[in-house]
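Pasting my_file20.cif here (mmCIF, C-alpha atoms):
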```
data_entry
loop_
_atom_site.label_atom_id
_atom_site.label_comp_id
_atom_site.auth_asym_id
_atom_site.auth_seq_id
_atom_site.Cartn_x
_atom_site.Cartn_y
_atom_site.Cartn_z
CA MET A 1 -29.74 20.93 -14.37
CA GLU A 2 -30.79 23.87 -16.57
CA ILE A 3 -27.90 25.27 -18.61
CA ASP A 4 -29.34 28.78 -18.35
CA ALA A 5 -28.93 28.62 -14.56
CA LEU A 6 -25.16 28.31 -14.86
CA ARG A 7 -22.62 31.14 -14.63
CA PRO A 8 -19.81 30.21 -17.05
CA THR A 9 -17.28 32.68 -15.60
CA GLY A 10 -13.98 32.41 -13.74
CA SER A 11 -12.27 29.93 -16.03
CA PRO A 12 -8.49 29.53 -15.44
CA ARG A 13 -8.04 29.68 -19.23
CA LEU A 14 -6.82 33.18 -20.05
CA ALA A 15 -7.76 32.90 -23.74
CA GLY A 16 -11.13 31.30 -23.10
CA GLU A 17 -12.40 28.07 -24.62
CA ARG A 18 -11.19 26.59 -27.90
CA GLN A 19 -13.87 26.49 -30.59
CA GLU A 20 -12.44 23.39 -32.29
CA HIS A 21 -12.61 21.46 -29.01
CA ILE A 22 -16.19 22.59 -28.45
CA GLU A 23 -17.19 21.36 -31.92
CA LEU A 24 -15.39 18.06 -31.30
CA LEU A 25 -17.32 17.51 -28.05
CA ALA A 26 -20.60 18.52 -29.67
CA ALA A 27 -20.13 15.77 -32.26
CA VAL A 28 -19.70 13.04 -29.62
CA PRO A 29 -22.83 10.83 -29.73
CA THR A 30 -22.53 9.54 -26.14
CA PRO A 31 -23.36 11.58 -23.01
CA LEU A 32 -20.50 13.74 -21.80
CA PRO A 33 -19.17 13.44 -18.22
CA PRO A 34 -20.95 15.62 -15.64
CA ILE A 35 -19.62 19.13 -15.17
CA ILE A 36 -18.66 20.43 -11.71
CA VAL A 37 -20.60 23.43 -10.40
CA HIS A 38 -19.97 25.66 -7.37
CA ARG A 39 -23.33 25.40 -5.63
CA PRO A 40 -23.27 28.77 -3.73
CA THR A 41 -22.59 30.81 -6.90
CA MET A 42 -23.64 28.41 -9.69
CA ARG A 43 -20.33 29.08 -11.41
CA VAL A 44 -18.87 26.34 -13.57
CA ILE A 45 -15.74 24.89 -11.95
CA ASP A 46 -14.98 22.22 -14.54
CA GLY A 47 -16.66 21.70 -17.89
CA PHE A 48 -16.71 25.04 -19.71
CA HIS A 49 -16.17 23.30 -23.05
CA ARG A 50 -18.92 20.77 -22.29
CA VAL A 51 -21.39 23.55 -21.49
CA ARG A 52 -20.61 25.32 -24.78
CA ALA A 53 -20.86 22.00 -26.64
CA ALA A 54 -24.27 21.28 -25.06
CA ARG A 55 -25.53 24.69 -26.16
CA LEU A 56 -24.19 24.08 -29.66
CA ARG A 57 -26.16 20.82 -29.81
CA GLY A 58 -29.31 22.63 -28.69
CA ASP A 59 -29.47 20.98 -25.25
CA THR A 60 -31.22 22.85 -22.44
CA THR A 61 -29.99 20.67 -19.57
CA ILE A 62 -26.66 19.10 -18.62
CA ALA A 63 -25.48 16.55 -16.07
CA ALA A 64 -23.72 18.22 -13.14
CA ARG A 65 -22.16 17.59 -9.74
CA PHE A 66 -21.95 20.22 -7.03
CA PHE A 67 -19.07 21.55 -4.93
CA ASP A 68 -19.94 23.36 -1.69
CA GLY A 69 -16.60 24.92 -0.64
CA ASP A 70 -15.69 28.60 -0.78
CA GLU A 71 -14.76 30.39 -4.03
CA SER A 72 -10.99 30.21 -3.51
CA ASP A 73 -11.16 26.44 -3.00
CA ALA A 74 -13.46 26.19 -6.01
CA PHE A 75 -10.77 27.85 -8.14
CA VAL A 76 -8.11 25.47 -6.78
CA LEU A 77 -10.35 22.55 -7.76
CA ALA A 78 -10.90 24.05 -11.23
CA VAL A 79 -7.16 24.30 -11.83
CA GLN A 80 -6.50 20.83 -10.44
CA LEU A 81 -9.12 19.22 -12.67
CA ASN A 82 -8.08 21.10 -15.80
CA VAL A 83 -4.44 20.14 -15.27
CA THR A 84 -5.12 16.42 -14.83
CA HIS A 85 -7.72 15.66 -17.52
CA GLY A 86 -9.42 16.93 -20.64
CA LEU A 87 -7.82 19.75 -22.60
CA PRO A 88 -4.71 20.70 -20.56
CA LEU A 89 -4.17 24.26 -19.42
CA ALA A 90 -1.46 26.13 -21.30
CA LEU A 91 1.67 27.06 -19.37
CA PRO A 92 0.70 30.78 -19.05
CA ASP A 93 -2.70 29.66 -17.68
CA ARG A 94 -1.01 27.50 -15.03
CA GLN A 95 1.44 30.23 -14.06
CA SER A 96 -1.40 32.73 -13.72
CA ALA A 97 -3.36 30.18 -11.69
CA ALA A 98 -0.37 29.70 -9.40
CA GLU A 99 -0.29 33.47 -8.73
CA ARG A 100 -3.97 33.46 -7.83
CA ILE A 101 -3.61 30.38 -5.60
CA MET A 102 -0.66 31.95 -3.76
CA ALA A 103 -2.78 35.06 -3.15
CA SER A 104 -5.69 33.04 -1.71
CA HIS A 105 -3.54 30.42 0.04
CA PRO A 106 -0.34 32.26 1.06
CA HIS A 107 0.42 29.62 3.70
CA TRP A 108 0.80 26.87 1.09
CA SER A 109 4.31 25.71 0.25
CA ASP A 110 5.74 26.15 -3.24
CA ARG A 111 5.55 22.41 -3.80
CA ARG A 112 1.89 22.25 -2.77
CA VAL A 113 0.97 25.10 -5.14
CA ALA A 114 3.04 23.48 -7.89
CA SER A 115 1.25 20.15 -7.49
CA VAL A 116 -2.11 21.87 -8.07
CA ALA A 117 -1.04 24.16 -10.91
CA GLY A 118 1.01 21.53 -12.76
CA ILE A 119 4.27 23.49 -12.81
CA ALA A 120 7.64 23.04 -11.12
CA PRO A 121 8.15 24.18 -7.50
CA GLY A 122 11.07 26.30 -8.70
CA THR A 123 8.73 28.19 -11.02
CA VAL A 124 6.35 28.81 -8.14
CA GLY A 125 9.27 30.08 -6.06
CA GLU A 126 10.29 32.49 -8.82
CA ILE A 127 6.71 33.76 -9.11
CA ARG A 128 6.53 34.23 -5.34
CA ARG A 129 9.76 36.23 -5.30
CA ARG A 130 8.63 38.33 -8.28
CA LEU A 131 5.39 39.15 -6.48
CA GLY A 132 7.33 39.97 -3.31
CA SER A 133 5.17 37.60 -1.27
CA GLY A 134 8.01 35.62 0.29
CA ALA A 135 7.75 35.78 4.07
CA ALA A 136 10.75 37.33 5.83
CA ASP A 137 9.50 36.34 9.31
CA PRO A 138 11.81 33.60 10.65
CA GLU A 139 8.78 32.10 12.41
CA ALA A 140 6.78 31.78 9.17
CA ARG A 141 5.44 28.34 8.39
CA ARG A 142 3.90 26.81 5.28
CA LEU A 143 1.58 23.90 4.64
CA GLY A 144 3.22 21.10 2.65
CA GLN A 145 1.73 18.43 0.39
CA ASP A 146 1.57 16.03 3.33
CA GLY A 147 -0.72 18.39 5.24
CA ARG A 148 1.94 19.31 7.80
CA MET A 149 3.02 22.85 8.69
CA ARG A 150 6.78 23.36 8.51
CA PRO A 151 8.96 26.41 9.17
CA LEU A 152 9.98 28.40 6.13
CA ASP A 153 13.37 29.04 7.70
CA GLY A 154 14.85 25.80 9.03
CA THR A 155 17.86 27.51 10.63
CA ALA A 156 16.67 27.20 14.24
CA GLY A 157 15.55 23.61 13.70
CA ARG A 158 18.90 22.65 12.17
CA LEU A 159 20.83 24.15 15.06
CA ARG A 160 18.55 22.45 17.58
CA ALA A 161 19.00 19.12 15.78
CA GLY A 162 22.77 19.61 15.85
CA GLU A 163 22.68 20.12 19.62
CA LEU A 164 20.55 17.02 20.17
CA LEU A 165 22.73 14.83 17.96
CA SER A 166 25.90 16.08 19.63
CA ARG A 167 24.56 15.20 23.08
CA GLN A 168 22.69 12.01 22.15
CA PRO A 169 24.07 10.59 18.87
CA ASN A 170 22.02 7.40 19.22
CA LEU A 171 18.66 9.16 18.85
CA SER A 172 16.70 8.14 15.76
CA LEU A 173 16.04 10.57 12.91
CA ARG A 174 12.36 10.70 13.76
CA GLN A 175 12.99 11.44 17.44
CA VAL A 176 15.26 14.35 16.60
CA ALA A 177 12.88 15.57 13.89
CA ARG A 178 9.97 15.72 16.34
CA ALA A 179 12.03 17.55 18.96
CA ALA A 180 13.51 20.07 16.50
CA GLY A 181 10.35 20.62 14.43
CA ILE A 182 11.99 19.67 11.13
CA SER A 183 11.77 16.70 8.77
CA PRO A 184 13.73 13.45 9.23
CA GLU A 185 15.57 14.16 5.96
CA THR A 186 16.82 17.48 7.33
CA VAL A 187 18.02 15.65 10.44
CA ARG A 188 19.85 13.18 8.20
CA ASP A 189 21.57 16.07 6.43
CA VAL A 190 22.51 17.69 9.77
CA ARG A 191 23.92 14.39 11.04
CA ASN A 192 26.02 13.95 7.89
CA ARG A 193 27.33 17.50 8.23
CA LEU A 194 28.31 16.85 11.84
CA ARG A 195 30.17 13.69 10.86
CA ASN A 196 32.00 15.52 8.05
CA GLY A 197 32.85 18.53 10.22
CA GLU A 198 30.82 20.87 7.99
CA ASP A 199 28.67 23.86 8.92
CA LEU A 200 25.14 22.78 9.85
CA LEU A 201 23.67 25.47 7.56
CA PRO A 202 23.96 25.24 3.77
CA ARG A 203 25.75 28.13 2.14
CA SER A 204 22.50 29.61 0.80
CA ARG A 205 21.06 29.62 4.32
CA ARG A 206 24.15 31.27 5.81
CA ARG A 207 24.19 33.88 3.04
CA ASP A 208 20.62 35.00 3.58
CA SER A 209 18.89 33.21 6.40
CA ASP A 210 15.66 35.22 6.23
CA THR A 211 14.78 34.31 2.64
CA GLU A 212 13.88 31.11 0.88
CA PRO A 213 16.72 29.23 -0.85
CA ARG A 214 16.81 29.67 -4.58
CA HIS A 215 15.37 26.77 -6.54
CA ALA A 216 18.00 26.98 -9.26
CA ALA A 217 20.07 24.75 -6.98
CA ALA A 218 18.74 21.81 -5.02
CA PRO A 219 16.60 23.24 -2.18
CA GLU A 220 17.48 22.64 1.43
CA ALA A 221 16.21 19.36 2.80
CA GLY A 222 13.18 19.36 5.03
CA THR A 223 11.89 22.86 4.42
CA SER A 224 8.27 23.31 3.47
CA GLU A 225 9.36 23.56 -0.16
CA ASP A 226 11.25 20.31 -0.44
CA THR A 227 12.61 17.42 1.58
CA ARG A 228 15.61 16.54 -0.52
CA PRO A 229 19.08 16.68 1.06
CA ALA A 230 21.05 19.87 0.58
CA PRO A 231 23.62 19.84 -2.23
CA VAL A 232 27.23 19.00 -1.44
CA PRO A 233 29.47 21.92 -2.48
CA ALA A 234 32.20 21.31 -5.04
CA PRO A 235 35.68 20.71 -3.55
CA ARG A 236 37.68 23.87 -3.14
CA GLY A 237 40.43 24.44 -5.63
CA GLU A 238 38.76 22.30 -8.28
CA PRO A 239 39.85 23.55 -11.70
CA ALA A 240 37.20 25.29 -13.72
CA THR A 241 36.07 23.64 -16.93
CA GLY A 242 33.91 24.69 -19.84
CA ARG A 243 31.23 22.15 -18.93
CA ARG A 244 27.89 23.16 -17.47
CA ALA A 245 28.05 23.07 -13.68
CA HIS A 246 26.24 20.24 -11.90
CA PRO A 247 24.56 20.79 -8.49
CA LEU A 248 26.95 18.30 -6.88
CA GLY A 249 30.02 20.09 -8.18
CA ARG A 250 30.59 17.66 -11.06
CA SER A 251 29.88 18.04 -14.75
CA ARG A 252 26.88 16.22 -16.19
CA ALA A 253 29.23 14.06 -18.26
CA ASP A 254 30.99 12.96 -15.07
CA VAL A 255 27.70 11.95 -13.48
CA ALA A 256 26.38 9.82 -16.37
CA PRO A 257 28.86 6.91 -15.96
CA ASP A 258 27.96 6.81 -12.25
CA ARG A 259 24.31 6.37 -13.15
CA VAL A 260 25.13 3.55 -15.55
CA VAL A 261 27.12 1.70 -12.90
CA LEU A 262 24.45 2.20 -10.24
CA VAL A 263 21.61 1.04 -12.50
CA LYS A 264 23.60 -2.07 -13.49
CA ARG A 265 24.23 -2.78 -9.82
CA LEU A 266 20.52 -2.43 -9.04
CA ALA A 267 19.64 -4.68 -12.00
CA ALA A 268 21.65 -7.46 -10.37
CA ASP A 269 19.62 -7.26 -7.17
CA PRO A 270 17.17 -10.23 -7.03
CA ALA A 271 14.67 -8.16 -5.02
CA LEU A 272 14.24 -5.94 -8.08
CA ARG A 273 14.87 -8.44 -10.90
CA PHE A 274 12.25 -10.95 -9.78
CA SER A 275 9.31 -8.62 -9.08
CA GLU A 276 7.11 -6.84 -11.60
CA THR A 277 7.36 -3.49 -9.82
CA GLY A 278 11.12 -3.91 -9.50
CA ARG A 279 11.53 -4.54 -13.24
CA CYS A 280 9.31 -1.53 -13.96
CA LEU A 281 11.55 0.63 -11.76
CA LEU A 282 14.67 -0.64 -13.52
CA ARG A 283 13.19 0.18 -16.93
CA LEU A 284 12.40 3.72 -15.79
CA LEU A 285 15.89 4.22 -14.38
CA ALA A 286 17.55 2.80 -17.51
CA ILE A 287 15.96 5.57 -19.59
CA HIS A 288 18.19 8.11 -17.85
CA THR A 289 21.51 6.36 -18.49
CA VAL A 290 22.05 7.89 -21.93
CA ARG A 291 25.39 9.59 -22.53
CA GLU A 292 25.88 13.36 -22.49
CA GLU A 293 26.32 13.55 -26.26
CA GLU A 294 23.06 11.65 -26.74
CA TRP A 295 21.25 14.19 -24.58
CA GLU A 296 22.76 17.02 -26.63
CA ALA A 297 21.67 15.33 -29.86
CA ILE A 298 18.13 14.90 -28.55
CA ILE A 299 17.98 18.54 -27.40
CA GLY A 300 19.29 19.78 -30.73
CA ASN A 301 16.66 17.85 -32.68
CA VAL A 302 13.49 18.75 -30.78
CA PRO A 303 11.20 20.38 -33.39
CA PRO A 304 10.65 24.08 -32.59
CA HIS A 305 6.86 23.70 -32.64
CA CYS A 306 7.12 20.96 -29.97
CA SER A 307 9.74 22.59 -27.74
CA GLY A 308 7.27 24.21 -25.34
CA VAL A 309 5.33 21.01 -24.74
CA VAL A 310 8.50 18.92 -24.44
CA ALA A 311 10.07 21.35 -21.98
CA ASP A 312 6.90 21.47 -19.91
CA LEU A 313 6.65 17.68 -19.78
CA ALA A 314 10.32 17.45 -18.77
CA VAL A 315 9.69 19.82 -15.85
CA GLN A 316 6.64 17.85 -14.72
CA LEU A 317 8.53 14.54 -14.94
CA ALA A 318 11.46 16.00 -13.00
CA ASP A 319 9.04 17.06 -10.29
CA LYS A 320 7.50 13.58 -10.26
CA TRP A 321 10.95 12.03 -9.75
CA ALA A 322 11.67 14.51 -6.93
CA ASP A 323 8.43 13.52 -5.21
CA PHE A 324 9.30 9.84 -5.76
CA ALA A 325 12.72 10.37 -4.12
CA THR A 326 11.16 12.16 -1.14
CA ARG A 327 8.62 9.39 -0.53
CA VAL A 328 11.21 6.60 -0.89
CA ARG A 329 13.51 8.34 1.60
CA SER A 330 10.59 8.92 3.99
CA ASP A 331 9.69 5.22 3.92
CA VAL A 332 13.29 4.25 4.66
CA THR A 333 13.52 6.79 7.48
CA ALA A 334 10.26 5.53 8.99
CA SER A 335 11.46 1.91 8.98
CA VAL A 336 14.81 2.86 10.52
CA GLY A 337 13.31 5.21 13.10
#
```
Please lay out the structure from this file as structure tokens.
Amino acid sequence: MEIDALRPTGSPRLAGERQEHIELLAAVPTPLPPIIVHRPTMRVIDGFHRVRAARLRGDTTIAARFFDGDESDAFVLAVQLNVTHGLPLALPDRQSAAERIMASHPHWSDRRVASVAGIAPGTVGEIRRRLGSGAADPEARRLGQDGRMRPLDGTAGRLRAGELLSRQPNLSLRQVARAAGISPETVRDVRNRLRNGEDLLPRSRRRDSDTEPRHAAAPEAGTSEDTRPAPVPAPRGEPATGRRAHPLGRSRADVAPDRVVLVKRLAADPALRFSETGRCLLRLLAIHTVREEEWEAIIGNVPPHCSGVVADLAVQLADKWADFATRVRSDVTASVG
């Protein structure tokens, strides 16, 4: 298509395109991948640098593919593509994009927005609270990554699940989840709390039931923001120490030996040892068995000019592990239910 017909506006990059990247693309002798264009407006969705590079080379046409959705969905696609390939968006660009996506898609969960913008769900939650766009309506629901609408406040669902499990303890997790309108993982957490004689609502939910739980701690299981089980509070009367607090009430140094033991135990399992995917999983898990002092040494020696990129990658990898845990638990729940 004709380059002059394009409208190169609306880029998610706050600082615009990078000249050095444009010159690098212009020097490539092979054809560049097609750009993505929003057909109704002719705005460039993906490929701003390629358009500038084509102009620099003196080209009058460029290969393009068209997107026919509305403008808000076109922006979501632009962010998604720029996060996953080419020159990555800077962190401020992704945070700004998350704000814009929350404005155009307020019914999306924090985790869904985070998956598009390439930032952590906790960061999205903080942005939402700062903007004052958190829904206080107890009936509010949000669309998760799996395409399902879930209540923002799981209080009613938890209480309903508790009633069902008390009357019919042999019901499967999935049966209770369908009846209570919550996720199977939330039902699992409710069942464990019943067995342990604990309150069905996590402390954060009891403290302020009409707001979202803070992401600084592990979010409540089964809400639209996450499906991980709620954190177990530290035992009362536990002496305070100078170590950094761990979400499970233990210091990080106390947790590390547990990880080592668990990974060694998994490594002895033939189902993992004698399959390629199993060995790959064991290698990934073994990376995280380093001792506390090794972590501190690594942190203390990250070069200042790399700290932003390293921190951002760590957040993205943590989010990937959280998604991995959710999907593994969901598969187990489905097979049991």
Counting all atoms listed in the file, the residue of A:Met149, A:Val290, A:Ala325, A:Leu200 that sits nearest Ser183 of chain A:
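For Ser183 of chain A, the nearest of the given residues is A:Met149.
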Would you write out, as a list in words, every residue that the PyMOL selection byres ((chain A and resi 164) around 12) captures in this file?
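Selected by the PyMOL selection byres ((chain A and resi 164) around 12) in this file: Gly157, Arg158, Leu159, Arg160, Ala161, Gly162, Glu163, Leu165, Ser166, Arg167, Gln168, Pro169, Asn170, Leu171, Ser172, Leu173, Gln175, Val176, Ala177, Arg178, Ala179, Ala180, Val187, Val190, Arg191 and Leu194 of chain A.
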I need the output of the PyMOL selection byres ((chain A and resi 98) around 8) for this file as a PDB file with C-alpha atoms, in the coordinates of the input; which residues are they?
```pdb
ATOM      1  CA  ARG A  94      -1.010  27.500 -15.030  1.00  0.00           C
ATOM      2  CA  GLN A  95       1.440  30.230 -14.060  1.00  0.00           C
ATOM      3  CA  SER A  96      -1.400  32.730 -13.720  1.00  0.00           C
ATOM      4  CA  ALA A  97      -3.360  30.180 -11.690  1.00  0.00           C
ATOM      5  CA  GLU A  99      -0.290  33.470  -8.730  1.00  0.00           C
ATOM      6  CA  ARG A 100      -3.970  33.460  -7.830  1.00  0.00           C
ATOM      7  CA  ILE A 101      -3.610  30.380  -5.600  1.00  0.00           C
ATOM      8  CA  MET A 102      -0.660  31.950  -3.760  1.00  0.00           C
ATOM      9  CA  VAL A 113       0.970  25.100  -5.140  1.00  0.00           C
ATOM     10  CA  ALA A 114       3.040  23.480  -7.890  1.00  0.00           C
ATOM     11  CA  ALA A 117      -1.040  24.160 -10.910  1.00  0.00           C
ATOM     12  CA  VAL A 124       6.350  28.810  -8.140  1.00  0.00           C
TER      13      VAL A 124
END
```
To one decimal place, how far is atom CA of Leu313 of chain A from atom CA of Leu282 of chain A in Å?
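Taking atom CA of Leu313 of chain A as the start and atom CA of Leu282 of chain A as the end point, the length is 21.0 Å.
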Kindly indicate which residue among A:Ile22, A:Phe67, A:Pro12, A:Leu56 lies nearest to Arg39 of chain A, using only C-alpha atoms for the distances.
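Looking only at the distances to Arg39 of chain A, the closest residue turns out to be A:Phe67.
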Any chance you could resolve the PyMOL selection byres ((chain A and resi 70-75) around 9) against this file and give the residues as a list in words?
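For this structure, the PyMOL selection byres ((chain A and resi 70-75) around 9) captures Gly10, Ser11, Pro12, Val37, His38, Pro40, Thr41, Ile45, Phe67, Asp68, Gly69, Val76, Leu77, Ala78, Val79, Gln80, Ala97, Arg100, Ile101, Ser104 and His105 of chain A.
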Best match for closeness to Ile182 of chain A among A:Arg112, A:Arg148, A:Arg13, A:Arg265, counting only C-alpha atoms
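Checking each candidate against Ile182 of chain A, we get A:Arg148 as the closest.
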Determine, counting all atoms listed in the file, which protein, DNA and RNA residues have an atom within 12 Å of an atom of Pro29 of chain A; residues of the same chain fewer than 6 positions away are not included. Present the result as a list in words.
Ala53, Ala54 and Arg57 of chain A
Take the residues from that selection and put them in a file with C-alpha atoms, as a PDB file, in the coordinates of the input.
```pdb
ATOM      1  CA  ALA A  53     -20.860  22.000 -26.640  1.00  0.00           C
ATOM      2  CA  ALA A  54     -24.270  21.280 -25.060  1.00  0.00           C
ATOM      3  CA  ARG A  57     -26.160  20.820 -29.810  1.00  0.00           C
TER       4      ARG A  57
END
```
So how many Å separate atom CA of Asp189 of chain A and atom CA of Glu126 of chain A, to one decimal?
25.1 Å
Between atom CA of Thr61 of chain A and atom CA of Leu6 of chain A, distance in Å (one decimal):
10.2 Å
Closest of A:Arg128, A:Leu81, A:Asn301, A:Thr155 to Arg111 of chain A - atom-to-atom distances counting all atoms listed in the file:
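So, comparing all the options, the nearest one is A:Arg128.
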Considering only C-alpha atoms, can you say which of A:Glu23, A:Gly122, A:Met42, A:Arg52 comes closest to Ala322 of chain A?
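The closest residue to Ala322 of chain A is A:Gly122.
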Nearest to Gly58 of chain A by atom-to-atom distance, counting only C-alpha atoms, from A:Asp46, A:Ile3, A:Ala267, A:Thr84
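The closest residue to Gly58 of chain A is A:Ile3.
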Compile the contact shell of Ala64 of chain A as a PDB file with C-alpha atoms, in the frame of the given file: residues with an atom at most 6 Å away, counting only C-alpha atoms, same-chain residues fewer than 2 positions apart removed.
```
ATOM      1  CA  PRO A  34     -20.950  15.620 -15.640  1.00  0.00           C
ATOM      2  CA  ILE A  35     -19.620  19.130 -15.170  1.00  0.00           C
ATOM      3  CA  ILE A  36     -18.660  20.430 -11.710  1.00  0.00           C
TER       4      ILE A  36
END
```
